[in-house]
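Shown next: query.cif, given as mmCIF, C-alpha atoms.
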data_input
#
loop_
_atom_site.label_atom_id
_atom_site.label_comp_id
_atom_site.auth_asym_id
_atom_site.auth_seq_id
_atom_site.Cartn_x
_atom_site.Cartn_y
_atom_site.Cartn_z
CA PRO A 1 180.95 -160.74 109.37
CA ALA A 2 181.24 -164.10 111.08
CA PRO A 3 184.74 -164.85 112.46
CA SER A 4 185.21 -167.70 110.01
CA GLN A 5 184.43 -165.42 107.05
CA THR A 6 186.84 -162.76 108.24
CA THR A 7 189.55 -165.38 108.78
CA GLN A 8 189.07 -166.63 105.21
CA ALA A 9 189.37 -163.13 103.80
CA TRP A 10 192.48 -162.34 105.86
CA SER A 11 194.04 -165.65 104.84
CA ALA A 12 193.51 -164.84 101.18
CA CYS A 13 194.98 -161.38 101.64
CA ALA A 14 197.99 -162.77 103.48
CA THR A 15 198.73 -165.17 100.63
CA VAL A 16 198.49 -162.56 97.86
CA ALA A 17 200.12 -159.80 99.90
CA GLY A 18 203.04 -162.09 100.68
CA GLN A 19 203.48 -162.85 97.00
CA CYS A 20 203.38 -159.14 96.17
CA VAL A 21 206.05 -158.25 98.74
CA VAL A 22 208.41 -161.06 97.74
CA SER A 23 207.89 -160.80 93.98
CA PRO A 24 206.52 -157.39 92.99
CA ARG A 25 205.50 -156.99 89.37
CA ALA A 26 208.08 -155.49 87.04
CA GLY A 27 207.74 -151.71 86.87
CA SER A 28 205.39 -151.54 89.85
CA ARG A 29 205.96 -149.54 93.02
CA SER A 30 207.36 -151.59 95.90
CA THR A 31 204.71 -152.71 98.39
CA ALA A 32 207.19 -153.54 101.18
CA LEU A 33 206.79 -151.80 104.57
CA PRO A 34 208.98 -148.72 105.19
CA GLU A 35 212.19 -149.34 107.10
CA GLY A 36 211.65 -149.47 110.83
CA VAL A 37 207.93 -150.19 110.63
CA GLN A 38 207.11 -153.25 112.70
CA ASN A 39 203.29 -153.14 112.81
CA LEU A 40 202.03 -155.75 110.34
CA SER A 41 198.35 -154.78 110.71
CA TRP A 42 195.96 -155.03 107.78
CA ALA A 43 195.77 -151.23 107.59
CA TRP A 44 198.99 -151.07 105.55
CA LEU A 45 197.51 -152.98 102.60
CA VAL A 46 197.25 -150.54 99.70
CA ASP A 47 194.56 -150.65 97.03
CA GLY A 48 196.93 -152.24 94.51
CA ILE A 49 197.39 -155.33 96.67
CA LEU A 50 193.71 -155.51 97.53
CA GLN A 51 192.86 -155.38 93.82
CA GLN A 52 195.12 -158.37 93.19
CA VAL A 53 193.36 -160.23 95.99
CA VAL A 54 189.99 -159.51 94.37
CA GLN A 55 191.26 -160.82 91.03
CA CYS A 56 192.44 -164.03 92.70
CA LEU A 57 189.06 -164.46 94.42
CA SER A 58 186.97 -163.68 91.33
CA GLY A 59 184.15 -166.24 91.14
CA HIS A 60 185.15 -167.69 94.52
CA SER A 61 182.85 -167.92 97.56
CA ARG A 62 185.49 -166.14 99.65
CA LEU A 63 184.96 -162.92 97.72
CA GLN A 64 181.79 -162.32 99.72
CA ALA A 65 183.77 -162.68 102.95
CA PHE A 66 186.29 -160.19 101.58
CA ARG A 67 183.51 -157.63 100.92
CA LEU A 68 182.12 -158.04 104.45
CA THR A 69 185.43 -157.31 106.19
CA CYS A 70 185.14 -153.50 106.15
CA ARG A 71 183.80 -150.64 104.04
CA HIS A 72 187.13 -149.96 102.36
CA TRP A 73 187.60 -153.57 101.28
CA LYS A 74 184.01 -153.64 100.01
CA ALA A 75 184.63 -150.51 97.92
CA VAL A 76 187.81 -151.99 96.42
CA ALA A 77 186.00 -155.26 95.63
CA ASP A 78 183.07 -153.51 93.99
CA GLN A 79 185.39 -151.38 91.85
CA ASN A 80 186.95 -154.55 90.44
CA VAL A 81 183.93 -156.85 90.04
CA ARG A 82 183.78 -158.27 86.51
CA GLN A 83 180.79 -160.66 86.75
CA LEU A 84 177.39 -160.43 88.45
CA ALA A 85 174.24 -162.58 88.60
CA PRO A 86 171.90 -160.54 90.85
CA SER A 87 168.46 -161.63 92.03
CA SER A 88 167.20 -158.05 91.76
CA LEU A 89 168.42 -155.10 89.77
CA LYS A 90 168.82 -151.38 90.44
CA PRO A 91 170.66 -150.31 87.30
CA LYS A 92 171.60 -146.81 88.46
CA ASP A 93 173.31 -148.26 91.54
CA LEU A 94 174.87 -151.07 89.52
CA VAL A 95 176.68 -148.83 87.04
CA LEU A 96 178.04 -146.66 89.88
CA LEU A 97 179.16 -149.49 92.16
CA PHE A 98 180.60 -151.82 89.50
CA PRO A 99 182.28 -149.70 86.80
CA GLN A 100 184.45 -152.62 85.60
CA LEU A 101 181.51 -155.00 85.10
CA GLN A 102 181.80 -157.15 81.96
CA VAL A 103 179.45 -160.13 82.47
CA LEU A 104 175.85 -159.62 83.63
CA GLU A 105 173.43 -162.52 84.04
CA LEU A 106 169.80 -161.52 84.68
CA VAL A 107 168.17 -164.94 84.38
CA GLN A 108 167.02 -164.93 88.02
CA CYS A 109 166.16 -161.23 88.00
CA ARG A 110 162.38 -160.74 87.78
CA ASN A 111 162.22 -156.97 88.30
CA VAL A 112 164.08 -155.94 85.13
CA ARG A 113 162.23 -153.77 82.62
CA ASN A 114 163.01 -152.12 79.30
CA ARG A 115 163.86 -148.87 81.06
CA ASP A 116 166.57 -150.66 83.03
CA LEU A 117 168.23 -151.84 79.83
CA PHE A 118 168.14 -148.22 78.65
CA VAL A 119 170.07 -147.14 81.78
CA LEU A 120 172.68 -149.84 81.19
CA ALA A 121 173.08 -148.83 77.54
CA GLN A 122 173.56 -145.15 78.44
CA SER A 123 176.17 -145.87 81.13
CA ALA A 124 179.96 -146.07 80.82
CA VAL A 125 179.93 -149.78 81.72
CA GLN A 126 181.37 -151.83 78.86
CA LEU A 127 179.44 -155.10 79.04
CA ARG A 128 180.85 -157.99 77.05
CA CYS A 129 178.32 -160.69 77.98
CA LEU A 130 174.62 -160.20 78.74
CA THR A 131 172.09 -162.93 79.55
CA LEU A 132 168.36 -162.22 79.87
CA GLY A 133 165.68 -164.68 80.96
CA ASP A 134 162.13 -163.51 80.46
CA ASP A 135 159.26 -164.18 82.83
CA THR A 136 156.91 -166.45 80.87
CA ASN A 137 153.99 -165.36 83.02
CA LYS A 138 154.60 -161.63 82.44
CA PRO A 139 156.96 -160.91 79.53
CA TRP A 140 158.94 -157.71 79.97
CA VAL A 141 161.68 -157.69 77.31
CA THR A 142 160.20 -156.14 74.19
CA ASN A 143 161.53 -154.61 70.98
CA ARG A 144 162.11 -151.42 72.93
CA GLY A 145 164.50 -153.31 75.18
CA LEU A 146 166.31 -154.72 72.13
CA SER A 147 166.77 -151.17 70.88
CA SER A 148 168.74 -150.39 74.06
CA ILE A 149 170.76 -153.59 73.80
CA GLY A 150 171.66 -152.66 70.23
CA ARG A 151 173.55 -149.66 71.61
CA MET A 152 175.81 -151.82 73.81
CA ALA A 153 178.56 -151.88 71.21
CA SER A 154 181.03 -153.78 73.41
CA LEU A 155 178.86 -156.94 73.58
CA THR A 156 180.49 -160.12 72.30
CA SER A 157 177.91 -162.55 73.76
CA LEU A 158 174.14 -162.08 74.07
CA ALA A 159 171.57 -164.59 75.32
CA LEU A 160 167.85 -163.81 75.05
CA HIS A 161 166.07 -166.80 76.55
CA ASP A 162 162.29 -167.21 76.27
CA CYS A 163 161.81 -163.57 75.34
CA ASN A 164 158.40 -164.08 73.81
CA SER A 165 157.62 -160.41 73.25
CA ILE A 166 160.50 -159.96 70.81
CA THR A 167 159.47 -159.78 67.15
CA ASN A 168 161.21 -159.47 63.79
CA ASN A 169 161.10 -155.66 63.97
CA GLY A 170 163.18 -155.64 67.13
CA MET A 171 165.91 -157.82 65.65
CA ALA A 172 167.07 -154.98 63.41
CA ALA A 173 168.67 -153.30 66.44
CA LEU A 174 171.11 -156.20 66.86
CA GLY A 175 172.65 -155.56 63.44
CA GLY A 176 174.76 -152.80 64.97
CA LEU A 177 176.58 -155.14 67.37
CA ARG A 178 179.69 -155.55 65.22
CA GLN A 179 181.66 -157.44 67.89
CA LEU A 180 178.91 -159.96 68.65
CA ALA A 181 180.32 -163.48 68.38
CA SER A 182 177.68 -165.52 70.24
CA LEU A 183 173.89 -165.12 70.12
CA SER A 184 171.27 -167.31 71.78
CA LEU A 185 167.61 -166.78 70.85
CA ARG A 186 166.45 -169.91 72.65
CA GLY A 187 162.70 -170.01 73.07
CA CYS A 188 161.97 -166.71 71.28
CA ARG A 189 158.83 -168.13 69.71
CA LYS A 190 157.63 -165.05 67.79
CA LEU A 191 160.73 -164.79 65.62
CA THR A 192 160.39 -165.88 62.00
CA ASN A 193 162.77 -166.31 59.08
CA ASN A 194 162.53 -162.60 58.26
CA GLY A 195 163.89 -161.73 61.70
CA LEU A 196 167.11 -163.61 60.98
CA GLU A 197 167.89 -161.34 58.04
CA ALA A 198 169.07 -158.66 60.48
CA LEU A 199 171.92 -160.95 61.53
CA GLN A 200 173.57 -160.76 58.12
CA ALA A 201 175.29 -157.58 59.26
CA ASN A 202 176.96 -159.43 62.16
CA SER A 203 180.10 -160.56 60.39
CA SER A 204 181.71 -161.70 63.67
CA LEU A 205 178.91 -164.09 64.66
CA THR A 206 180.31 -167.61 65.13
CA SER A 207 177.75 -169.20 67.50
CA LEU A 208 173.96 -169.18 67.11
CA ASN A 209 171.27 -170.94 69.17
CA LEU A 210 167.77 -171.17 67.63
CA HIS A 211 166.43 -173.94 69.87
CA GLY A 212 162.72 -173.45 70.48
CA CYS A 213 162.25 -170.82 67.76
CA LYS A 214 159.19 -172.63 66.44
CA ARG A 215 158.61 -170.43 63.39
CA ILE A 216 162.09 -170.81 61.91
CA SER A 217 162.18 -173.03 58.81
CA ASP A 218 164.48 -174.03 55.96
CA THR A 219 164.25 -170.50 54.54
CA GLY A 220 165.76 -169.12 57.74
CA LEU A 221 168.75 -171.44 57.42
CA ALA A 222 169.33 -170.09 53.93
CA VAL A 223 169.74 -166.68 55.56
CA VAL A 224 172.21 -167.77 58.26
CA SER A 225 174.27 -169.83 55.78
CA SER A 226 176.08 -166.62 54.84
CA LEU A 227 177.41 -166.17 58.40
CA PRO A 228 180.83 -167.45 59.58
CA LEU A 229 179.16 -169.85 62.02
CA GLN A 230 181.21 -172.43 63.86
CA ALA A 231 178.44 -173.65 66.19
CA LEU A 232 174.69 -173.92 65.57
CA SER A 233 171.88 -175.30 67.74
CA LEU A 234 168.43 -176.17 66.40
CA GLY A 235 165.47 -177.73 68.19
CA LEU A 236 161.69 -177.83 67.84
CA THR A 237 161.79 -175.67 64.71
CA ARG A 238 160.30 -176.30 61.25
CA VAL A 239 163.66 -177.22 59.73
CA LYS A 240 163.70 -180.25 57.43
CA ASP A 241 166.17 -181.89 55.03
CA ALA A 242 166.13 -178.90 52.66
CA GLY A 243 167.45 -176.74 55.50
CA LEU A 244 170.45 -179.01 55.99
CA ALA A 245 171.36 -178.42 52.35
CA HIS A 246 171.81 -174.74 53.22
CA LEU A 247 173.96 -175.65 56.23
CA ALA A 248 176.30 -177.55 53.92
CA ARG A 249 177.57 -174.12 52.82
CA LEU A 250 178.82 -173.34 56.34
CA SER A 251 182.39 -174.38 55.63
CA GLN A 252 183.63 -173.28 59.08
CA LEU A 253 180.99 -175.20 61.06
CA THR A 254 182.52 -177.43 63.73
CA GLU A 255 179.49 -178.16 65.94
CA LEU A 256 175.84 -178.81 65.08
CA HIS A 257 173.07 -179.77 67.52
CA CYS A 258 169.58 -180.79 66.32
CA THR A 259 166.82 -181.81 68.73
CA ALA A 260 163.37 -183.11 67.77
CA GLU A 261 163.69 -182.05 64.12
CA GLU A 262 161.99 -183.83 61.19
CA LEU A 263 165.18 -184.96 59.49
CA THR A 264 165.95 -188.08 57.49
CA ASP A 265 169.07 -189.96 56.43
CA ALA A 266 169.09 -188.14 53.10
CA GLY A 267 169.25 -184.79 54.83
CA VAL A 268 172.04 -185.78 57.20
CA ARG A 269 174.16 -187.11 54.34
CA GLN A 270 174.25 -183.59 52.89
CA LEU A 271 176.49 -182.61 55.79
CA SER A 272 179.27 -184.99 54.77
CA SER A 273 181.01 -182.18 52.86
CA LEU A 274 181.61 -180.20 56.06
CA SER A 275 185.23 -181.15 56.62
CA ARG A 276 185.54 -179.18 59.88
CA LEU A 277 182.40 -180.58 61.50
CA ALA A 278 183.70 -182.29 64.65
CA THR A 279 180.46 -182.73 66.61
CA LEU A 280 177.03 -183.67 65.25
CA ALA A 281 174.37 -184.28 67.91
CA LEU A 282 170.97 -185.55 66.69
CA ARG A 283 168.55 -186.01 69.58
CA GLU A 284 164.99 -187.26 69.10
CA CYS A 285 165.35 -187.07 65.31
CA CYS A 286 163.39 -190.27 64.88
CA GLU A 287 163.75 -190.71 61.11
CA VAL A 288 167.56 -190.69 61.20
CA THR A 289 169.18 -194.12 61.29
CA GLY A 290 172.63 -195.40 62.07
CA ASP A 291 173.46 -195.70 58.38
CA ALA A 292 173.45 -191.94 57.90
CA LEU A 293 175.52 -191.43 61.06
CA LEU A 294 178.13 -193.88 59.77
CA VAL A 295 178.48 -191.95 56.53
CA SER A 296 178.69 -188.62 58.37
CA SER A 297 181.25 -189.88 60.87
CA SER A 298 183.64 -191.21 58.25
CA GLY A 299 185.86 -188.15 58.71
CA GLY A 300 186.51 -188.88 62.38
CA ARG A 301 183.62 -186.76 63.67
CA HIS A 302 181.91 -187.30 67.01
CA MET A 303 178.28 -188.31 66.39
CA SER A 304 175.48 -188.82 68.89
CA GLY A 305 171.81 -189.52 68.50
#

Can you present the structure in this file as structure tokens?
Amino acid sequence: PAPSQTTQAWSACATVAGQCVVSPRAGSRSTALPEGVQNLSWAWLVDGILQQVVQCLSGHSRLQAFRLTCRHWKAVADQNVRQLAPSSLKPKDLVLLFPQLQVLELVQCRNVRNRDLFVLAQSAVQLRCLTLGDDTNKPWVTNRGLSSIGRMASLTSLALHDCNSITNNGMAALGGLRQLASLSLRGCRKLTNNGLEALQANSSLTSLNLHGCKRISDTGLAVVSSLPLQALSLGLTRVKDAGLAHLARLSQLTELHCTAEELTDAGVRQLSSLSRLATLALRECCEVTGDALLVSSSGGRHMSG
């Protein structure tokens, strides 16, 4: 690596290593040098200290410099990586190199296929957050891919953006994700109200994004009104005032975003019973006037339009 990169990595190690020697964690083995040892070279740093360095550098640009220092440091870093956003994906290598991986963002990854999701699902990696961005010119995530995702039982957050090959039949696989708390279906244009019925089994779901799901209507909101949602995003759907009546049953809702929906003052007023609603954002909802916003904001809510 370049001298400046190596210097940055050594500097980070020196800081953390110094902290470890002066104040070792309770119950941990002492990391101080043996008596009589005077050579303070980097070779004495044990994996435990290097792992703490990696944790301190997580998400920092200096982590790359750390990995470039030597093969051993690279191996230690890879063993402790928690988050990745690769530009290309080789799933068999990924699950071997990064066994502690929890967050995987594949938005910029154009070579991912359904078979790659199958490899991830069959591995020992316990993903908690997965983000997929489909290629609008050549869709690759299909219902078969959703079937693999449905076996990733550790997922708490899933984002499927512009996955235009996903249909209602594929949504059934997501019903098995019992720990799923956040789901984004932004731009999944083939999904209809029937596809949302599969989400009724997700009793932990608190955040749902349906922006750009053009075939979702008021009937679909009747389905999701049984979920413990705290945040909901709608945009460019077929939802009208009748749909907001269903949302009035979401007693735990604290945040609602609506963009370019055909709503009126009468519909917005139906939300006044939501005592926990703290944020109501109405963008490009042309039929909504300030009068309705004043009524809705009477409980100290933050309104924007």

Q: Let me know the residues the PyMOL selection byres ((chain A and resi 274-277) around 6) catches in the file above, as an NGL selection string.
A: :A and (251 or 253-255 or 271-273 or 278-279)

Q: Any chance you could resolve the PyMOL selection byres ((chain A and resi 204-219) around 8) against this file and give the residues as a ChimeraX atom specification?
A: /A:178-193,202-203,220-223,227-240,242-244,246,259

Q: Go ahead and find all residues with at least one atom no further than 10 Å from (169.4, -149.3, 76.7) in the file's coordinates, using all atoms listed in the file; report them as a ChimeraX atom specification.
A: /A:114-123,144-152

Q. Please, what distance in Å, to one decimal, runs between atom CA of Leu130 of chain A and atom CA of Glu105 of chain A?
A.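 So the answer is 5.9 Å.
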
Q) Near segment 266-270 of chain A, counting all atoms listed in the file, which residues have an atom at most 10 Å away, once you skip same-chain residues fewer than 6 positions from it, shown as a ChimeraX atom specification? A) /A:240-248,280,282,287-289,291-296

(Q) Please report the interatomic distance between atom CA of Cys109 of chain A and atom CA of Thr131 of chain A in Å with one decimal. (A)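 Distance between the two atoms: 10.5 Å.
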
Could you give me the centre and size, in Å to one decimal, of an axis-aligned box around all listed atoms of segment 172-190 of chain A with 6 Å added on every side, as lines of an AutoDock Vina configuration file?
center_x = 169.6
center_y = -161.4
center_z = 68.2
size_x = 36.0
size_y = 29.2
size_z = 21.7

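Note that the spacing between atom CA of Leu127 of chain A and atom CA of Arg71 of chain A amounts to 25.8 Å.
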
Q) Any idea what's packed within 12 Å of Trp73 of chain A, counting only C-alpha atoms, ignoring anything in its chain fewer than 2 positions away? Could you give it as a ChimeraX atom specification? A) /A:6,9-10,13,42-43,45-51,53-54,63-71,75-80
